[in-house]
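Reviewing the structure listed below.
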Amino acid sequence: MALASSHGADVTVLCLSYGERGESAKAWREGKQLDEIKDIRREEASRAAEVLGATIEFADAGDYPLRESGELVDTIVRCFRRIQPAVVLTHPLADPYNPDHPAAAQMALQARVLAQAVGYDAPGEPLGAPPVFLFEPHQPEQCDFKPQVLLDITEVFSVKRKAMECLKAQPHMWDYYTELAKRRGVQLRRNAGPNLGLAHSTMAEAYMRLYPEVTGMLT
């Protein structure tokens, strides 16, 4: 998101849940109540989006569990129709540690299909066929995640780190994703050209691609 924004693209985050129940343990232990925790997480996410150069919207659909519903799918469809995204990012389709993540992904994919249908009753023009990339989860091996696409984010990693540090509820993730970016950077360099064994400081993100890439030439 930071990379796309730095290149002048409009970036929109549709946040289905604040993560108020399942990912806010610190706030609960401090004795805070539900509405206060939701306000805290909303503020954190808003600050992080601002750092990334993104617009953020909230559906406030709850978590633990995030329940799939036609109403929520329709909310995503209407967002797709309005934004007309060139690319869609979402969670992987499997996560035994947090079923909210695959629930969000399933709804995003269903909404992408519905938004393409001329006859679907929602404002705006039908969606095209934006590619879908599944971003890397916390425990990729358990989520059937394979790094099919490696994206060089070296030039904006400091922005990503600053955005992560806005999420005070999850400080244990800051260093985890920093070290992960270093490892993916090593893999990116190895797959990008001659393996010269030289020191480098490449930072990268990994994605899975859900649909085939369409191209006129193999490169």
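Order determines the names: the first chain of the structure tokens is A, the second B, and so forth; residues in each chain are numbered 1 upward, and ligands are numbered 1 upward as they are shown.
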Quick one: everything within 10 Å of Asn98 in chain A, counting only C-alpha atoms, minus sequence neighbours fewer than 2 positions away in the same chain. Send it as an MDAnalysis selection string. chainID A and resid 22 63:66 94:96 100:103
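Distance check against Thr178 in chain A using only C-alpha atoms: of A:Arg41, A:Lys160, A:Arg82, A:Arg190, the minimum falls on A:Lys160.
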Need to verify the contact set: Tyr177 in chain A, 12 Å, only C-alpha atoms, exclusion of same-chain residues closer than 4 positions in sequence. Can you return it as a ChimeraX atom specification? /A:136-139,157,160-161,163-165,170-173,181-185,203-206
List every residue of range 44-212 of chain A that DSSP, applied to the backbone, labels as alpha helix (DSSP H), and write the result as number ranges by chain. A: 44-52, 70-83, 100-116, 157-164, 172-192
Find the residues near Ala48 in chain A: any atom within 12 Å, counting only C-alpha atoms, skip ones fewer than 3 places away on the same chain, and give them as number ranges by chain. A: 1-2, 13, 41-45, 51-56, 159-168
Quick one: write out the picked residues with N, CA and C atoms as an mmCIF file, in the first residue's frame?
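Contents of selection-v6.cif, freshly written:
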data_model
loop_
_atom_site.group_PDB
_atom_site.id
_atom_site.type_symbol
_atom_site.label_atom_id
_atom_site.label_comp_id
_atom_site.auth_asym_id
_atom_site.auth_seq_id
_atom_site.Cartn_x
_atom_site.Cartn_y
_atom_site.Cartn_z
ATOM 1 N N MET A 1 0.818 -1.199 0.000
ATOM 2 C CA MET A 1 0.000 0.000 0.000
ATOM 3 C C MET A 1 0.859 1.259 0.000
ATOM 4 N N ALA A 2 1.895 1.265 0.825
ATOM 5 C CA ALA A 2 2.789 2.419 0.865
ATOM 6 C C ALA A 2 3.481 2.617 -0.477
ATOM 7 N N VAL A 13 -8.573 1.110 1.969
ATOM 8 C CA VAL A 13 -8.680 -0.048 2.857
ATOM 9 C C VAL A 13 -10.118 -0.139 3.336
ATOM 10 N N ARG A 41 -8.921 0.997 18.631
ATOM 11 C CA ARG A 41 -8.468 0.303 17.431
ATOM 12 C C ARG A 41 -8.798 1.079 16.163
ATOM 13 N N ARG A 42 -9.933 1.754 16.155
ATOM 14 C CA ARG A 42 -10.278 2.580 15.000
ATOM 15 C C ARG A 42 -9.259 3.703 14.827
ATOM 16 N N GLU A 43 -8.881 4.332 15.938
ATOM 17 C CA GLU A 43 -7.914 5.419 15.884
ATOM 18 C C GLU A 43 -6.552 4.900 15.423
ATOM 19 N N GLU A 44 -6.145 3.742 15.936
ATOM 20 C CA GLU A 44 -4.880 3.148 15.508
ATOM 21 C C GLU A 44 -4.879 2.889 14.005
ATOM 22 N N ALA A 45 -5.936 2.255 13.523
ATOM 23 C CA ALA A 45 -6.010 1.920 12.101
ATOM 24 C C ALA A 45 -6.051 3.175 11.238
ATOM 25 N N VAL A 51 -0.486 7.211 7.563
ATOM 26 C CA VAL A 51 0.956 7.054 7.318
ATOM 27 C C VAL A 51 1.201 6.399 5.968
ATOM 28 N N LEU A 52 0.407 5.403 5.626
ATOM 29 C CA LEU A 52 0.574 4.673 4.365
ATOM 30 C C LEU A 52 0.112 5.477 3.160
ATOM 31 N N GLY A 53 -0.621 6.554 3.389
ATOM 32 C CA GLY A 53 -1.172 7.321 2.279
ATOM 33 C C GLY A 53 -2.452 6.726 1.751
ATOM 34 N N ALA A 54 -3.176 5.997 2.603
ATOM 35 C CA ALA A 54 -4.390 5.300 2.190
ATOM 36 C C ALA A 54 -5.619 5.925 2.827
ATOM 37 N N THR A 55 -6.747 5.759 2.157
ATOM 38 C CA THR A 55 -8.049 6.068 2.722
ATOM 39 C C THR A 55 -8.583 4.803 3.390
ATOM 40 N N ILE A 56 -9.211 4.937 4.533
ATOM 41 C CA ILE A 56 -9.722 3.755 5.221
ATOM 42 C C ILE A 56 -11.205 3.926 5.524
ATOM 43 N N VAL A 159 8.263 3.558 5.954
ATOM 44 C CA VAL A 159 6.867 3.988 6.069
ATOM 45 C C VAL A 159 6.027 2.849 6.637
ATOM 46 N N LYS A 160 6.252 1.622 6.125
ATOM 47 C CA LYS A 160 5.518 0.468 6.647
ATOM 48 C C LYS A 160 5.792 0.284 8.135
ATOM 49 N N ARG A 161 7.036 0.398 8.537
ATOM 50 C CA ARG A 161 7.373 0.231 9.955
ATOM 51 C C ARG A 161 6.669 1.298 10.798
ATOM 52 N N LYS A 162 6.654 2.527 10.316
ATOM 53 C CA LYS A 162 5.983 3.602 11.053
ATOM 54 C C LYS A 162 4.491 3.306 11.168
ATOM 55 N N ALA A 163 3.889 2.772 10.108
ATOM 56 C CA ALA A 163 2.469 2.431 10.139
ATOM 57 C C ALA A 163 2.215 1.300 11.131
ATOM 58 N N MET A 164 3.085 0.292 11.137
ATOM 59 C CA MET A 164 2.924 -0.805 12.090
ATOM 60 C C MET A 164 2.972 -0.301 13.518
ATOM 61 N N GLU A 165 3.831 0.662 13.781
ATOM 62 C CA GLU A 165 3.995 1.170 15.131
ATOM 63 C C GLU A 165 2.803 2.003 15.594
ATOM 64 N N CYS A 166 1.891 2.313 14.666
ATOM 65 C CA CYS A 166 0.634 2.946 15.067
ATOM 66 C C CYS A 166 -0.290 1.950 15.750
ATOM 67 N N LEU A 167 -0.066 0.662 15.504
ATOM 68 C CA LEU A 167 -0.935 -0.382 16.044
ATOM 69 C C LEU A 167 -0.419 -0.814 17.411
ATOM 70 N N LYS A 168 -0.701 -0.007 18.413
ATOM 71 C CA LYS A 168 -0.170 -0.224 19.756
ATOM 72 C C LYS A 168 -0.697 -1.506 20.387
#
A:Met208, A:Ala199, A:Leu180, A:Leu34 ranked by distance to Leu93 in chain A, top pick (using only C-alpha atoms): A:Met208
Using only C-alpha atoms, the best pick from A:Glu125, A:Glu213, A:Gln142, A:Ala169 as closest to Ala25 in chain A would be A:Ala169
Please identify the strand (DSSP E or B) residues within range 13-59 of chain A (assignment by DSSP from backbone atoms) and present them as a list in words.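 After running DSSP on the backbone, range 13-59 of chain A has strand (DSSP E or B) at Val13, Leu14, Cys15, Thr55, Ile56, Glu57 and Phe58 of chain A.
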Counting only C-alpha atoms, which residue out of A:Cys15, A:Leu151, A:Ala61, A:Ile37 sits closest to His91 in chain A?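 Closest to His91 in chain A, using only C-alpha atoms: A:Cys15.
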List the neighbours of Glu68 in chain A out to 9 Å using only C-alpha atoms; skip same-chain residues closer than 2 positions along the sequence, and give me the result as a count of residues only. 9
Select, from A:Ala115, A:Pro130, A:Thr202, A:Gln84, the residue with the minimum atom-to-atom distance to Val156 in chain A, counting only C-alpha atoms.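 Smallest separation from Val156 in chain A among the options: A:Thr202.
Proximity ranking of A:Lys146, A:Arg81, A:Lys26, A:Arg189 relative to Gly128 in chain A places A:Arg81 first, based on only C-alpha atoms.
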